[in-house]
file coords.cif (mmCIF, C-alpha atoms)
data_upload
loop_
_atom_site.group_PDB
_atom_site.id
_atom_site.type_symbol
_atom_site.label_atom_id
_atom_site.label_comp_id
_atom_site.auth_asym_id
_atom_site.auth_seq_id
_atom_site.Cartn_x
_atom_site.Cartn_y
_atom_site.Cartn_z
ATOM 1 C CA MET A 39 84.961 131.939 142.876
ATOM 2 C CA ARG A 40 81.206 131.874 142.275
ATOM 3 C CA VAL A 41 79.906 129.959 139.284
ATOM 4 C CA GLY A 42 76.275 130.344 138.238
ATOM 5 C CA VAL A 43 74.434 127.288 136.892
ATOM 6 C CA ILE A 44 71.205 128.072 135.060
ATOM 7 C CA THR A 45 68.055 126.002 135.435
ATOM 8 C CA PHE A 46 65.394 126.250 132.727
ATOM 9 C CA PRO A 47 62.167 124.238 132.674
ATOM 10 C CA GLY A 48 63.415 120.925 131.254
ATOM 11 C CA THR A 49 67.051 121.278 132.302
ATOM 12 C CA LEU A 50 68.501 117.933 133.459
ATOM 13 C CA ASP A 51 72.178 118.369 134.214
ATOM 14 C CA ASP A 52 72.197 121.418 136.466
ATOM 15 C CA VAL A 53 72.804 119.323 139.580
ATOM 16 C CA ASP A 54 75.798 117.523 138.073
ATOM 17 C CA ALA A 55 77.182 120.843 136.806
ATOM 18 C CA GLN A 56 76.873 122.315 140.313
ATOM 19 C CA ARG A 57 78.585 119.238 141.715
ATOM 20 C CA ALA A 58 81.443 119.591 139.225
ATOM 21 C CA VAL A 59 81.938 123.205 140.306
ATOM 22 C CA LYS A 60 82.123 122.081 143.942
ATOM 23 C CA TYR A 61 84.665 119.357 143.063
ATOM 24 C CA ALA A 62 86.813 122.100 141.523
ATOM 25 C CA GLU A 63 86.480 124.031 144.801
ATOM 26 C CA GLY A 64 84.250 126.700 143.364
ATOM 27 C CA GLU A 65 80.953 127.884 144.819
ATOM 28 C CA ALA A 66 77.977 126.826 142.687
ATOM 29 C CA VAL A 67 75.205 129.433 142.521
ATOM 30 C CA PRO A 68 71.821 128.296 141.148
ATOM 31 C CA LEU A 69 70.393 130.750 138.587
ATOM 32 C CA TRP A 70 66.752 130.714 137.504
ATOM 33 C CA HIS A 71 65.708 131.179 133.870
ATOM 34 C CA ALA A 72 63.027 133.751 134.675
ATOM 35 C CA ASP A 73 65.281 136.089 136.686
ATOM 36 C CA HIS A 74 67.106 139.083 135.232
ATOM 37 C CA ASP A 75 69.823 138.358 137.756
ATOM 38 C CA LEU A 76 73.253 136.715 137.646
ATOM 39 C CA LYS A 77 73.670 137.150 141.427
ATOM 40 C CA GLY A 78 77.155 138.601 141.014
ATOM 41 C CA VAL A 79 78.739 135.359 139.742
ATOM 42 C CA ASP A 80 82.191 135.196 138.152
ATOM 43 C CA ALA A 81 81.202 132.693 135.446
ATOM 44 C CA VAL A 82 78.116 130.900 134.112
ATOM 45 C CA ILE A 83 77.415 127.329 133.049
ATOM 46 C CA VAL A 84 74.435 126.676 130.761
ATOM 47 C CA PRO A 85 73.826 122.977 131.411
ATOM 48 C CA GLY A 86 72.317 120.172 129.370
ATOM 49 C CA GLY A 87 68.785 118.872 129.142
ATOM 50 C CA PHE A 88 65.733 119.751 127.102
ATOM 51 C CA SER A 89 64.986 123.387 127.930
ATOM 52 C CA TYR A 90 61.348 124.241 127.181
ATOM 53 C CA GLY A 91 60.917 120.691 125.867
ATOM 54 C CA ASP A 92 63.134 121.449 122.850
ATOM 55 C CA TYR A 93 59.992 122.974 121.310
ATOM 56 C CA LEU A 94 60.513 124.801 117.981
ATOM 57 C CA ARG A 95 64.268 124.057 117.930
ATOM 58 C CA CYS A 96 66.711 123.031 120.647
ATOM 59 C CA GLY A 97 67.573 126.216 122.535
ATOM 60 C CA ALA A 98 65.363 128.508 120.439
ATOM 61 C CA ILE A 99 63.061 129.469 123.293
ATOM 62 C CA ALA A 100 65.651 129.379 126.079
ATOM 63 C CA ARG A 101 67.621 131.976 124.183
ATOM 64 C CA PHE A 102 64.906 134.530 124.995
ATOM 65 C CA ALA A 103 64.761 133.725 128.727
ATOM 66 C CA PRO A 104 65.382 136.772 130.929
ATOM 67 C CA VAL A 105 68.529 135.256 132.460
ATOM 68 C CA MET A 106 70.018 134.670 128.987
ATOM 69 C CA GLN A 107 69.845 138.368 128.193
ATOM 70 C CA GLU A 108 72.075 138.935 131.226
ATOM 71 C CA VAL A 109 74.382 136.093 130.154
ATOM 72 C CA VAL A 110 74.806 137.535 126.650
ATOM 73 C CA GLU A 111 75.663 140.946 128.059
ATOM 74 C CA ALA A 112 78.151 139.516 130.576
ATOM 75 C CA ALA A 113 79.729 137.177 127.996
ATOM 76 C CA ASN A 114 80.298 140.080 125.621
ATOM 77 C CA LYS A 115 82.160 141.823 128.450
ATOM 78 C CA GLY A 116 84.415 138.770 128.881
ATOM 79 C CA MET A 117 82.763 136.654 131.571
ATOM 80 C CA PRO A 118 83.567 132.952 131.134
ATOM 81 C CA VAL A 119 80.505 131.029 129.905
ATOM 82 C CA LEU A 120 80.310 127.283 129.266
ATOM 83 C CA GLY A 121 77.451 125.656 127.356
ATOM 84 C CA ILE A 122 77.160 121.876 127.611
ATOM 85 C CA CYS A 123 74.931 119.915 125.194
ATOM 86 C CA ASN A 124 71.593 121.781 125.278
ATOM 87 C CA GLY A 125 73.609 124.664 126.710
ATOM 88 C CA PHE A 126 75.800 124.632 123.580
ATOM 89 C CA GLN A 127 72.642 124.712 121.455
ATOM 90 C CA ILE A 128 71.353 127.668 123.486
ATOM 91 C CA LEU A 129 74.636 129.601 123.101
ATOM 92 C CA CYS A 130 74.459 129.072 119.319
ATOM 93 C CA GLU A 131 70.844 130.237 119.195
ATOM 94 C CA ALA A 132 71.852 133.270 121.279
ATOM 95 C CA HIS A 133 74.628 134.053 118.746
ATOM 96 C CA LEU A 134 77.342 133.857 121.388
ATOM 97 C CA LEU A 135 78.804 131.039 119.267
ATOM 98 C CA PRO A 136 78.485 130.584 115.486
ATOM 99 C CA GLY A 137 76.751 127.698 113.722
ATOM 100 C CA ALA A 138 73.946 125.377 114.783
ATOM 101 C CA LEU A 139 73.366 121.839 116.062
ATOM 102 C CA THR A 140 71.215 119.547 113.937
ATOM 103 C CA ARG A 141 69.680 116.079 114.106
ATOM 104 C CA ASN A 142 72.311 113.323 114.276
ATOM 105 C CA HIS A 143 73.070 112.115 110.763
ATOM 106 C CA LYS A 144 71.940 108.553 111.525
ATOM 107 C CA LEU A 145 68.889 109.809 113.465
ATOM 108 C CA HIS A 146 69.659 107.720 116.557
ATOM 109 C CA PHE A 147 70.061 109.316 119.954
ATOM 110 C CA VAL A 148 73.710 108.639 120.799
ATOM 111 C CA CYS A 149 74.558 107.725 124.406
ATOM 112 C CA ARG A 150 78.084 106.501 124.991
ATOM 113 C CA ASP A 151 81.474 107.353 126.434
ATOM 114 C CA GLN A 152 83.281 109.345 123.760
ATOM 115 C CA TRP A 153 86.955 110.111 123.192
ATOM 116 C CA LEU A 154 87.718 113.750 122.396
ATOM 117 C CA SER A 155 90.943 115.494 121.506
ATOM 118 C CA VAL A 156 91.683 118.855 123.078
ATOM 119 C CA GLU A 157 92.477 121.158 120.146
ATOM 120 C CA ASN A 158 92.704 124.456 122.012
ATOM 121 C CA ASN A 159 94.040 124.689 125.580
ATOM 122 C CA GLN A 160 94.029 128.498 125.704
ATOM 123 C CA THR A 161 90.344 129.092 126.511
ATOM 124 C CA ALA A 162 89.108 129.982 129.985
ATOM 125 C CA TRP A 163 87.797 126.414 130.276
ATOM 126 C CA THR A 164 90.672 124.282 128.899
ATOM 127 C CA THR A 165 94.019 125.489 130.286
ATOM 128 C CA ARG A 166 94.410 122.412 132.499
ATOM 129 C CA TYR A 167 94.712 120.161 129.438
ATOM 130 C CA GLU A 168 97.689 119.538 127.226
ATOM 131 C CA LYS A 169 97.110 120.315 123.581
ATOM 132 C CA GLN A 170 96.036 117.191 121.676
ATOM 133 C CA ALA A 171 95.332 115.393 124.960
ATOM 134 C CA GLU A 172 92.617 112.769 124.549
ATOM 135 C CA ILE A 173 89.862 112.680 127.134
ATOM 136 C CA LEU A 174 86.937 110.288 127.655
ATOM 137 C CA VAL A 175 83.577 111.803 128.633
ATOM 138 C CA PRO A 176 79.930 110.846 128.081
ATOM 139 C CA LEU A 177 78.095 112.007 124.964
ATOM 140 C CA LYS A 178 74.287 111.833 125.083
ATOM 141 C CA SER A 179 72.388 113.764 122.442
ATOM 142 C CA GLY A 180 70.012 113.403 119.529
ATOM 143 C CA GLU A 181 70.786 116.742 117.893
ATOM 144 C CA GLY A 182 74.537 117.083 118.147
ATOM 145 C CA GLY A 183 75.549 117.487 114.514
ATOM 146 C CA TYR A 184 77.555 120.714 114.304
ATOM 147 C CA GLN A 185 76.760 122.692 111.142
ATOM 148 C CA ALA A 186 78.107 125.982 109.875
ATOM 149 C CA ASP A 187 78.749 127.511 106.469
ATOM 150 C CA GLU A 188 82.169 127.168 104.812
ATOM 151 C CA ASN A 189 83.297 130.677 105.775
ATOM 152 C CA THR A 190 82.468 130.079 109.422
ATOM 153 C CA LEU A 191 84.240 126.692 109.429
ATOM 154 C CA LYS A 192 87.323 128.285 107.881
ATOM 155 C CA GLU A 193 87.251 131.091 110.443
ATOM 156 C CA LEU A 194 87.006 128.533 113.277
ATOM 157 C CA GLU A 195 89.793 126.336 111.887
ATOM 158 C CA ASP A 196 92.167 129.174 110.934
ATOM 159 C CA ASN A 197 91.905 130.812 114.333
ATOM 160 C CA GLY A 198 92.136 127.728 116.518
ATOM 161 C CA ARG A 199 88.556 128.095 117.667
ATOM 162 C CA VAL A 200 87.784 124.388 117.474
ATOM 163 C CA VAL A 201 88.251 123.391 121.126
ATOM 164 C CA PHE A 202 87.318 119.693 121.025
ATOM 165 C CA ARG A 203 87.133 117.194 118.187
ATOM 166 C CA TYR A 204 85.623 113.703 118.180
ATOM 167 C CA VAL A 205 88.252 110.953 117.999
ATOM 168 C CA GLY A 206 87.390 107.915 115.877
ATOM 169 C CA GLU A 207 84.060 107.506 114.139
ATOM 170 C CA ASN A 208 82.066 110.725 113.867
ATOM 171 C CA PRO A 209 79.106 110.085 116.218
ATOM 172 C CA ASN A 210 76.613 112.572 114.786
ATOM 173 C CA GLY A 211 77.708 113.995 111.438
ATOM 174 C CA SER A 212 79.339 117.129 112.859
ATOM 175 C CA ARG A 213 81.301 119.078 110.268
ATOM 176 C CA ASN A 214 85.077 118.542 110.664
ATOM 177 C CA ASN A 215 84.378 116.215 113.640
ATOM 178 C CA ILE A 216 83.739 119.305 115.757
ATOM 179 C CA ALA A 217 82.625 118.535 119.319
ATOM 180 C CA GLY A 218 83.166 121.992 120.816
ATOM 181 C CA ILE A 219 84.117 125.536 119.813
ATOM 182 C CA THR A 220 84.940 128.884 121.377
ATOM 183 C CA ASN A 221 84.259 132.523 120.562
ATOM 184 C CA ALA A 222 87.002 134.879 119.337
ATOM 185 C CA LYS A 223 87.950 135.965 122.881
ATOM 186 C CA GLY A 224 88.096 132.408 124.264
ATOM 187 C CA ASN A 225 85.791 133.129 127.204
ATOM 188 C CA VAL A 226 82.713 131.384 125.764
ATOM 189 C CA VAL A 227 82.964 127.642 125.072
ATOM 190 C CA GLY A 228 80.257 125.231 123.949
ATOM 191 C CA LEU A 229 80.484 121.466 123.527
ATOM 192 C CA MET A 230 78.060 118.602 123.023
ATOM 193 C CA PRO A 231 79.749 115.990 125.300
ATOM 194 C CA HIS A 232 79.361 116.174 129.077
ATOM 195 C CA PRO A 233 82.497 116.936 131.112
ATOM 196 C CA GLU A 234 80.337 117.395 134.237
ATOM 197 C CA HIS A 235 79.486 113.669 134.114
ATOM 198 C CA ALA A 236 83.179 112.702 134.193
ATOM 199 C CA ILE A 237 84.637 114.282 137.306
ATOM 200 C CA GLU A 238 85.396 111.197 139.422
ATOM 201 C CA ALA A 239 85.777 107.461 138.895
ATOM 202 C CA LEU A 240 82.805 106.566 141.106
ATOM 203 C CA THR A 241 80.147 108.175 138.905
ATOM 204 C CA GLY A 242 81.811 108.666 135.524
ATOM 205 C CA PRO A 243 83.941 106.778 133.024
ATOM 206 C CA THR A 244 86.950 108.927 134.027
ATOM 207 C CA ASP A 245 87.716 112.176 135.832
ATOM 208 C CA ASP A 246 88.830 113.754 132.550
ATOM 209 C CA GLY A 247 86.040 116.337 132.577
ATOM 210 C CA LEU A 248 87.075 117.909 135.866
ATOM 211 C CA GLY A 249 89.882 119.766 134.078
ATOM 212 C CA MET A 250 87.366 122.128 132.507
ATOM 213 C CA PHE A 251 86.115 123.287 135.887
ATOM 214 C CA LEU A 252 89.618 123.460 137.380
ATOM 215 C CA SER A 253 90.694 125.533 134.354
ATOM 216 C CA LEU A 254 87.887 127.960 135.046
ATOM 217 C CA VAL A 255 88.832 128.341 138.705
ATOM 218 C CA ASP A 256 92.461 128.979 137.617
ATOM 219 C CA SER A 257 91.383 131.619 135.102
ATOM 220 C CA VAL A 258 89.340 133.591 137.565
ATOM 221 C CA VAL A 259 91.971 133.368 140.308
ATOM 222 C CA LYS A 260 94.541 134.635 137.794
ATOM 223 C CA ALA A 261 92.268 137.498 136.601
ATOM 224 C CA MET B 107 42.555 139.300 111.473
ATOM 225 C CA ALA B 108 44.601 137.788 108.679
ATOM 226 C CA ARG B 109 46.100 134.380 108.290
ATOM 227 C CA VAL B 110 49.815 134.244 107.664
ATOM 228 C CA VAL B 111 51.724 131.106 106.735
ATOM 229 C CA VAL B 112 55.418 130.760 107.495
ATOM 230 C CA ASP B 113 57.240 127.828 105.916
ATOM 231 C CA VAL B 114 60.665 126.887 107.232
ATOM 232 C CA MET B 115 62.886 124.468 105.316
ATOM 233 C CA PRO B 116 66.407 123.157 105.886
ATOM 234 C CA LYS B 117 68.840 124.916 103.542
ATOM 235 C CA PRO B 118 69.682 122.830 100.461
ATOM 236 C CA GLU B 119 73.282 122.322 101.590
ATOM 237 C CA ILE B 120 72.291 121.180 105.104
ATOM 238 C CA LEU B 121 71.929 117.434 105.572
ATOM 239 C CA ASP B 122 68.280 116.544 106.285
ATOM 240 C CA PRO B 123 68.385 113.078 107.868
ATOM 241 C CA GLN B 124 64.671 113.162 108.726
ATOM 242 C CA GLY B 125 63.710 113.830 105.116
ATOM 243 C CA GLN B 126 66.074 111.086 103.984
ATOM 244 C CA ALA B 127 64.503 108.630 106.432
ATOM 245 C CA VAL B 128 61.058 109.420 105.028
ATOM 246 C CA ALA B 129 62.373 109.033 101.470
ATOM 247 C CA ASN B 130 63.950 105.693 102.332
ATOM 248 C CA ALA B 131 60.715 104.432 103.891
ATOM 249 C CA LEU B 132 58.563 105.136 100.827
ATOM 250 C CA PRO B 133 59.794 102.246 98.622
ATOM 251 C CA ARG B 134 59.384 99.859 101.566
ATOM 252 C CA LEU B 135 55.748 100.947 101.746
ATOM 253 C CA GLY B 136 55.277 100.315 98.040
ATOM 254 C CA PHE B 137 55.463 103.929 96.842
ATOM 255 C CA GLU B 138 57.831 104.239 93.899
ATOM 256 C CA GLY B 139 59.173 107.231 91.994
ATOM 257 C CA ILE B 140 59.856 109.609 94.901
ATOM 258 C CA ALA B 141 63.409 110.804 94.313
ATOM 259 C CA GLU B 142 63.858 113.053 97.347
ATOM 260 C CA VAL B 143 62.058 114.244 100.476
ATOM 261 C CA ARG B 144 62.996 117.256 102.557
ATOM 262 C CA GLN B 145 61.224 117.913 105.829
ATOM 263 C CA GLY B 146 60.495 121.362 107.237
ATOM 264 C CA LYS B 147 58.010 123.216 109.422
ATOM 265 C CA HIS B 148 54.753 124.958 108.584
ATOM 266 C CA PHE B 149 53.371 127.668 110.888
ATOM 267 C CA GLU B 150 49.904 129.266 110.656
ATOM 268 C CA LEU B 151 49.600 132.608 112.429
ATOM 269 C CA GLU B 152 46.405 134.574 113.019
ATOM 270 C CA VAL B 153 47.595 138.163 113.054
ATOM 271 C CA ALA B 154 45.945 141.536 113.616
ATOM 272 C CA ASP B 155 45.524 143.711 110.535
ATOM 273 C CA ASP B 156 48.046 146.284 111.705
ATOM 274 C CA VAL B 157 50.960 143.800 111.829
ATOM 275 C CA ASP B 158 53.135 144.749 108.865
ATOM 276 C CA ASP B 159 55.284 142.594 106.606
ATOM 277 C CA ALA B 160 58.529 143.786 108.181
ATOM 278 C CA THR B 161 57.351 142.549 111.583
ATOM 279 C CA LEU B 162 56.330 139.188 110.138
ATOM 280 C CA ALA B 163 59.732 138.849 108.467
ATOM 281 C CA LYS B 164 61.432 139.608 111.763
ATOM 282 C CA ILE B 165 59.363 136.949 113.550
ATOM 283 C CA ALA B 166 60.343 134.400 110.917
ATOM 284 C CA GLU B 167 64.012 135.308 110.767
ATOM 285 C CA THR B 168 64.743 135.744 114.458
ATOM 286 C CA PHE B 169 62.544 133.072 115.995
ATOM 287 C CA LEU B 170 60.625 130.632 113.787
ATOM 288 C CA ALA B 171 63.672 129.865 111.632
ATOM 289 C CA ASN B 172 67.375 129.616 112.377
ATOM 290 C CA PRO B 173 68.931 131.289 109.305
ATOM 291 C CA VAL B 174 72.185 129.393 109.876
ATOM 292 C CA ILE B 175 70.525 126.166 108.779
ATOM 293 C CA GLU B 176 67.057 127.090 107.511
ATOM 294 C CA ASP B 177 65.355 129.170 104.802
ATOM 295 C CA TRP B 178 61.956 130.710 105.420
ATOM 296 C CA THR B 179 59.058 132.243 103.488
ATOM 297 C CA VAL B 180 56.144 134.328 104.741
ATOM 298 C CA ARG B 181 52.870 134.643 102.858
ATOM 299 C CA ARG B 182 49.438 136.036 103.646
ATOM 300 C CA VAL B 183 46.605 133.693 102.743
ATOM 301 C CA GLU B 184 42.809 133.914 102.643
ATOM 302 C CA ALA B 185 41.458 132.823 106.009
#

call {"tool": "encode", "arguments": {"input": "coords.cif", "output": "C-alpha cells"}}
result
Amino acid sequence: MRVGVITFPGTLDDVDAQRAVKYAEGEAVPLWHADHDLKGVDAVIVPGGFSYGDYLRCGAIARFAPVMQEVVEAANKGMPVLGICNGFQILCEAHLLPGALTRNHKLHFVCRDQWLSVENNQTAWTTRYEKQAEILVPLKSGEGGYQADENTLKELEDNGRVVFRYVGENPNGSRNNIAGITNAKGNVVGLMPHPEHAIEALTGPTDDGLGMFLSLVDSVVKA
Amino acid sequence: MARVVVDVMPKPEILDPQGQAVANALPRLGFEGIAEVRQGKHFELEVADDVDDATLAKIAETFLANPVIEDWTVRRVEA
C-alpha cells in the first residue's frame, strides 16, 4: 500500500500527511511537484499549505504542475486522491472536484479544533466512519468558504456527494456548511479541515482523523 | 507589442468579503455616499502582435480567472 504525498514549493503539511499514512500502516512516498512521475503509488494525498505562495488564487498555479497532470489522469481512472485544505483548493482548480474556495466570510484566518459530521461513509477515504458520526479535527485556513452555483450544490446534495459538514457555527461562510465533498465515483475527496493533524492524542485534539487513512488502506486492500 | 488588460471580478452572486470590508471602512475614514465596493484583479499583459483574441480569452478563462466564482473581460489598449 503505497501512498504518494505531493510537495509543492510552499507546502506545509506534507510531513504530517506522510506520518498519518505511516500510522495507518501504509508506505508514504514523497512526490515532487516538478516530476511527471507518480512512482507507481496506489493513492495520492495533496496536502495543505500555500503552494506557490497562493499567488493568483489558492491552487491556481499548482494545478499546472507536472505532477498534477499525472494526478488528474490517475484520478480519472479511479485512483484514490485526497486533497486537504490547499490540496482541496488545488483539486477544485484542477476540475477534479466542482466549486471553489473563497475568502472566509468574516475575513479572519480561522485556526481552531472543529467538529464535523460525516455525511458520506462510502468514499474511498471515509468507510471507517459511521454515517453522521461527529469528529473533531483542526481547521486552519483563510480561504475555506466553499462556493458553487445552485445546480452544482443540488447535484452534490442529491447524490450524497457532501462528505463532511461543519457542526455548529459556520466557520467560513461555506455554502450548506460544506467542509468536504467527493467526485461522482467517490475516489476523489477534498476537505478544508486537517485529518492528518488528528491521528493521535499526543499531537492532536483527537485521533478522529486517522480513520480517513485507515479507510484508504482498507479500500486498496479490498481492491 | 500590444498592451492587453484583463479585469477579473467576483461574480455578482458570490460574496465579496474583501470588498465589503473596504466599503465598511470608508465611512469610518469620513468618506460618505459609497453604497458598495467590489474588489477584483487587474492584469496588464504585453503581448506580441501575433497573439490572437481567442488565445487571450483562453488565458483569461483558464488561468487568470476562475469562472466558477469570477467574471473576466479582455481588452486591447493603447500602450

call {"tool": "residues_near_point", "arguments": {"input": "coords.cif", "point": "(83.8, 119.5, 132.9)", "cutoff": "6 Å", "atoms": "all atoms listed in the file", "output": "list in words"}}
result
Pro233, Glu234, Gly247, Leu248, Met250 and Phe251 of chain A

call {"tool": "interface_residues", "arguments": {"input": "coords.cif", "of": "chain B", "to": "chain A", "cutoff": "10 Å", "atoms": "only C-alpha atoms", "output": "list in words"}}
result
Glu119, Ile120, Leu121, Asp122, Pro123, Gln124, Gln126, Ala127, Lys147, Thr168, Phe169, Leu170, Ala171, Asn172, Pro173, Val174 and Ile175 of chain B

call {"tool": "residues_around", "arguments": {"input": "coords.cif", "residues": "Val180 (chain B)", "least_positions_apart": "6", "cutoff": "10 Å", "atoms": "all atoms listed in the file", "output": "list in words"}}
result
Val110, Val111, Val112, Asp113, Val114, Phe149, Glu150, Asp159, Leu162, Ala163, Ile165, Ala166 and Glu167 of chain B

call {"tool": "write_last_selection", "arguments": {"input": "coords.cif", "atoms": "C-alpha atoms", "output": "mmCIF file, in the frame of the given file"}}
result
data_model
loop_
_atom_site.group_PDB
_atom_site.id
_atom_site.type_symbol
_atom_site.label_atom_id
_atom_site.label_comp_id
_atom_site.auth_asym_id
_atom_site.auth_seq_id
_atom_site.Cartn_x
_atom_site.Cartn_y
_atom_site.Cartn_z
ATOM 1 C CA VAL B 110 49.815 134.244 107.664
ATOM 2 C CA VAL B 111 51.724 131.106 106.735
ATOM 3 C CA VAL B 112 55.418 130.760 107.495
ATOM 4 C CA ASP B 113 57.240 127.828 105.916
ATOM 5 C CA VAL B 114 60.665 126.887 107.232
ATOM 6 C CA PHE B 149 53.371 127.668 110.888
ATOM 7 C CA GLU B 150 49.904 129.266 110.656
ATOM 8 C CA ASP B 159 55.284 142.594 106.606
ATOM 9 C CA LEU B 162 56.330 139.188 110.138
ATOM 10 C CA ALA B 163 59.732 138.849 108.467
ATOM 11 C CA ILE B 165 59.363 136.949 113.550
ATOM 12 C CA ALA B 166 60.343 134.400 110.917
ATOM 13 C CA GLU B 167 64.012 135.308 110.767
#

call {"tool": "resolve_selection", "arguments": {"input": "coords.cif", "expression": "the PyMOL selection byres ((chain A and resi 45-62) around 8)", "output": "count of residues only"}}
result
29

call {"tool": "residues_near_point", "arguments": {"input": "coords.cif", "point": "(45.3, 139.8, 109.8)", "cutoff": "6 Å", "atoms": "all atoms listed in the file", "output": "ChimeraX atom specification"}}
result
/B:107-109,153-155

call {"tool": "write_last_selection", "arguments": {"input": "coords.cif", "atoms": "C-alpha atoms", "output": "PDB file, keeping the file's coordinate frame"}}
result
ATOM      1  CA  MET B 107      42.555 139.300 111.473  1.00  0.00           C
ATOM      2  CA  ALA B 108      44.601 137.788 108.679  1.00  0.00           C
ATOM      3  CA  ARG B 109      46.100 134.380 108.290  1.00  0.00           C
ATOM      4  CA  VAL B 153      47.595 138.163 113.054  1.00  0.00           C
ATOM      5  CA  ALA B 154      45.945 141.536 113.616  1.00  0.00           C
ATOM      6  CA  ASP B 155      45.524 143.711 110.535  1.00  0.00           C
TER       7      ASP B 155
END

call {"tool": "atom_distance", "arguments": {"input": "coords.cif", "atom1": "CA of Glu207 (chain A)", "atom2": "CA of Glu238 (chain A)"}}
result
25.6 Å

call {"tool": "axis_aligned_box", "arguments": {"input": "coords.cif", "around": "region 132-136 of chain B", "padding_each_side": "8 Å", "output": "JSON"}}
result
{"center_x": 57.5, "center_y": 102.5, "center_z": 99.9, "size_x": 20.5, "size_y": 21.3, "size_z": 19.7}

call {"tool": "atom_distance", "arguments": {"input": "coords.cif", "atom1": "CA of Gly218 (chain A)", "atom2": "CA of Ser155 (chain A)"}}
result
10.2 Å

call {"tool": "atom_distance", "arguments": {"input": "coords.cif", "atom1": "CA of Pro231 (chain A)", "atom2": "CA of Cys96 (chain A)"}}
result
15.5 Å

call {"tool": "residues_around", "arguments": {"input": "coords.cif", "residues": "Gly146 (chain B)", "least_positions_apart": "2", "cutoff": "9 Å", "atoms": "all atoms listed in the file", "output": "ChimeraX atom specification"}}
result
/B:113-116,125,144,148,176

call {"tool": "closest_residue", "arguments": {"input": "coords.cif", "among": "A:Pro118, A:Gly42, A:Pro104, A:Gly242", "to": "Asp73 (chain A)", "atoms": "all atoms listed in the file"}}
result
A:Pro104

call {"tool": "closest_residue", "arguments": {"input": "coords.cif", "among": "A:Ala217, A:Leu194, A:Ala113, A:Ala132", "to": "Trp153 (chain A)", "atoms": "all atoms listed in the file"}}
result
A:Ala217

call {"tool": "residues_around", "arguments": {"input": "coords.cif", "residues": "Gln170 (chain A)", "least_positions_apart": "2", "cutoff": "12 Å", "atoms": "all atoms listed in the file", "output": "number ranges by chain"}}
result
A: 153-159, 164, 167-168, 172-173, 200-205

call {"tool": "residues_around", "arguments": {"input": "coords.cif", "residues": "Arg150 (chain A)", "least_positions_apart": "5", "cutoff": "12 Å", "atoms": "only C-alpha atoms", "output": "PDB file with C-alpha atoms, in the coordinates of the input"}}
result
ATOM      1  CA  LEU A 174      86.937 110.288 127.655  1.00  0.00           C
ATOM      2  CA  VAL A 175      83.577 111.803 128.633  1.00  0.00           C
ATOM      3  CA  PRO A 176      79.930 110.846 128.081  1.00  0.00           C
ATOM      4  CA  LEU A 177      78.095 112.007 124.964  1.00  0.00           C
ATOM      5  CA  LYS A 178      74.287 111.833 125.083  1.00  0.00           C
ATOM      6  CA  SER A 179      72.388 113.764 122.442  1.00  0.00           C
ATOM      7  CA  GLY A 180      70.012 113.403 119.529  1.00  0.00           C
ATOM      8  CA  PRO A 209      79.106 110.085 116.218  1.00  0.00           C
ATOM      9  CA  ASN A 210      76.613 112.572 114.786  1.00  0.00           C
ATOM     10  CA  PRO A 231      79.749 115.990 125.300  1.00  0.00           C
ATOM     11  CA  HIS A 232      79.361 116.174 129.077  1.00  0.00           C
ATOM     12  CA  HIS A 235      79.486 113.669 134.114  1.00  0.00           C
ATOM     13  CA  GLY A 242      81.811 108.666 135.524  1.00  0.00           C
ATOM     14  CA  PRO A 243      83.941 106.778 133.024  1.00  0.00           C
TER      15      PRO A 243
END

call {"tool": "closest_residue", "arguments": {"input": "coords.cif", "among": "A:Ala222, A:Ser212, A:Thr241, A:Asp246", "to": "Asp196 (chain A)", "atoms": "all atoms listed in the file"}}
result
A:Ala222

call {"tool": "residues_around", "arguments": {"input": "coords.cif", "residues": "Val128 (chain B)", "least_positions_apart": "6", "cutoff": "12 Å", "atoms": "all atoms listed in the file", "output": "PDB file with C-alpha atoms, keeping the file's coordinate frame"}}
result
ATOM      1  CA  LEU A 145      68.889 109.809 113.465  1.00  0.00           C
TER       2      LEU A 145
ATOM      3  CA  ASP B 122      68.280 116.544 106.285  1.00  0.00           C
ATOM      4  CA  ARG B 134      59.384  99.859 101.566  1.00  0.00           C
ATOM      5  CA  LEU B 135      55.748 100.947 101.746  1.00  0.00           C
ATOM      6  CA  PHE B 137      55.463 103.929  96.842  1.00  0.00           C
ATOM      7  CA  ILE B 140      59.856 109.609  94.901  1.00  0.00           C
ATOM      8  CA  ALA B 141      63.409 110.804  94.313  1.00  0.00           C
ATOM      9  CA  GLU B 142      63.858 113.053  97.347  1.00  0.00           C
ATOM     10  CA  VAL B 143      62.058 114.244 100.476  1.00  0.00           C
ATOM     11  CA  ARG B 144      62.996 117.256 102.557  1.00  0.00           C
ATOM     12  CA  GLN B 145      61.224 117.913 105.829  1.00  0.00           C
TER      13      GLN B 145
END

call {"tool": "build_atoms", "arguments": {"input": "coords.cif", "residues": "region 123-129 of chain A", "atoms": "N, CA and C atoms", "output": "mmCIF file, in the frame of the given file"}}
result
data_model
loop_
_atom_site.group_PDB
_atom_site.id
_atom_site.type_symbol
_atom_site.label_atom_id
_atom_site.label_comp_id
_atom_site.auth_asym_id
_atom_site.auth_seq_id
_atom_site.Cartn_x
_atom_site.Cartn_y
_atom_site.Cartn_z
ATOM 1 N N CYS A 123 76.041 120.623 125.835
ATOM 2 C CA CYS A 123 74.931 119.915 125.194
ATOM 3 C C CYS A 123 73.807 120.888 124.855
ATOM 4 N N ASN A 124 72.664 120.819 125.530
ATOM 5 C CA ASN A 124 71.593 121.781 125.278
ATOM 6 C C ASN A 124 72.088 123.208 125.529
ATOM 7 N N GLY A 125 73.019 123.353 126.463
ATOM 8 C CA GLY A 125 73.609 124.664 126.710
ATOM 9 C C GLY A 125 74.390 125.184 125.508
ATOM 10 N N PHE A 126 75.094 124.290 124.815
ATOM 11 C CA PHE A 126 75.800 124.632 123.580
ATOM 12 C C PHE A 126 74.783 125.085 122.528
ATOM 13 N N GLN A 127 73.685 124.338 122.415
ATOM 14 C CA GLN A 127 72.642 124.712 121.455
ATOM 15 C C GLN A 127 72.079 126.099 121.781
ATOM 16 N N ILE A 128 71.895 126.369 123.067
ATOM 17 C CA ILE A 128 71.353 127.668 123.486
ATOM 18 C C ILE A 128 72.338 128.785 123.141
ATOM 19 N N LEU A 129 73.638 128.567 123.397
ATOM 20 C CA LEU A 129 74.636 129.601 123.101
ATOM 21 C C LEU A 129 74.707 129.884 121.602
#
